[in-house]
Amino acid sequence: MKVVLLCGGMGTRIKEITEDIPKPLIRVGGKPIIWHIMKIYSKYGFNDFILPIGYKGEKIKEYFAGSLWRNSDCIIENTSDDISIKPLQSTEKWKITLIDTGEATMTGSRIKLIEPYIDENEFMLTYGDGLADINICELVEFHRNKGKIATLTGIMPKSQYGILKVKDDIVYEFVEKPQTDQIINGGYFVLNKEVFNYIDDDNGRCIFEQEPLAKLVAAGQLSVYLHKEFWMSIDTYKDYSTLNDNWEVIRKKLY
């Protein structure tokens, strides 16, 4: 099954880093966040990736084109007419299809543009900036059992504020940043090919999280796989710092 990783956005909320590189190449623990997301899927045996690229997409191409020597010790031999590169450690056995979907294209339109590359009835999709310790095989099984066109992973985020519990004007409990009872879209979708019928490219302006998902909801075709363990996306510089400061602990949760 193919895994689509949305990689085209400009990352405007973290411009301190994304002025020179696309957001998926932000480094966490010494490697791009997109690499870590791919490792999560690879842990469960999914190694066929499609990357719809856009903003500074050539840098993503450069990274993966050079990954053979970039991510391992290697021998470069140019004693003959051809140059050969031999890695000295095992490398990831990934197939990566990179599709330029335009710099300003919205998420729904990017997904619509990769339709010709989806050759099975099911595929997976997530964002290029979110990490989670999701059991991908359980997610796929959940999707199949529900029998819907689309499944998204629901997250119950923590409040950014501490909560005061008050009775008769006296605080009787303080809860530091409790988990809310709201469910948000955490990415990590499983989709049937029928989902493309719900997406209108709209000249690059279609936002997947708006009209397409609303249509799926109206049709009763969107199920939610609730994930209550670790999940975090890089939206701000604070998120980036938190991930890096706690990376060794977080990495062990992921793969």
# chains A, B, ... in the order shown; residues from 1 in each chain; ligands from 1

call {"tool": "residues_around", "arguments": {"residues": "A:Ile183", "least_positions_apart": "4", "cutoff": "8 Å", "atoms": "only C-alpha atoms", "output": "ChimeraX atom specification"}}
result
/A:154-157

call {"tool": "select_by_dssp", "arguments": {"residues": "stretch 7-83 of chain A", "states": "strand (DSSP E)", "output": "ChimeraX atom specification"}}
result
/A:27-28,31-32,48-53,74-77

call {"tool": "closest_residue", "arguments": {"among": "A:Ile170, A:Cys137, A:Leu213, A:Ile149", "to": "A:Val195", "atoms": "only C-alpha atoms"}}
result
A:Ile149

call {"tool": "closest_residue", "arguments": {"among": "A:Ile207, A:Leu222, A:Leu98, A:Leu254", "to": "A:Leu152", "atoms": "only C-alpha atoms"}}
result
A:Leu222

call {"tool": "closest_residue", "arguments": {"among": "A:Cys206, A:Ile33, A:Ile85, A:Ile40", "to": "A:Lys253", "atoms": "only C-alpha atoms"}}
result
A:Ile40

call {"tool": "residues_around", "arguments": {"residues": "A:Tyr117", "least_positions_apart": "6", "cutoff": "12 Å", "atoms": "only C-alpha atoms", "output": "list in words"}}
result
Met1, Lys2, Val3, Val4, Asp48, Phe49, Ile50, Leu51, Pro52, Ile96, Thr97, Leu98, Ile99, Ile111, Phe123 and Lys193 of chain A

call {"tool": "write_last_selection", "arguments": {"atoms": "C-alpha atoms", "output": "short mmCIF file (atom, residue, chain, number, x, y, z; two decimals), in the first residue's frame"}}
result
data_model
loop_
_atom_site.label_atom_id
_atom_site.label_comp_id
_atom_site.auth_asym_id
_atom_site.auth_seq_id
_atom_site.Cartn_x
_atom_site.Cartn_y
_atom_site.Cartn_z
CA MET A 1 0.00 0.00 0.00
CA LYS A 2 1.31 3.45 -0.91
CA VAL A 3 1.86 6.18 1.67
CA VAL A 4 1.33 9.81 0.61
CA ASP A 48 6.37 2.81 -0.93
CA PHE A 49 6.04 6.59 -0.58
CA ILE A 50 4.61 9.38 -2.72
CA LEU A 51 5.72 12.91 -1.85
CA PRO A 52 3.67 15.73 -3.42
CA ILE A 96 10.05 7.36 -3.17
CA THR A 97 7.98 9.02 -5.91
CA LEU A 98 8.35 12.81 -5.86
CA ILE A 99 5.67 14.78 -7.71
CA ILE A 111 -3.92 14.98 -3.29
CA PHE A 123 -3.65 4.23 0.28
CA LYS A 193 -9.59 5.51 -4.06
#
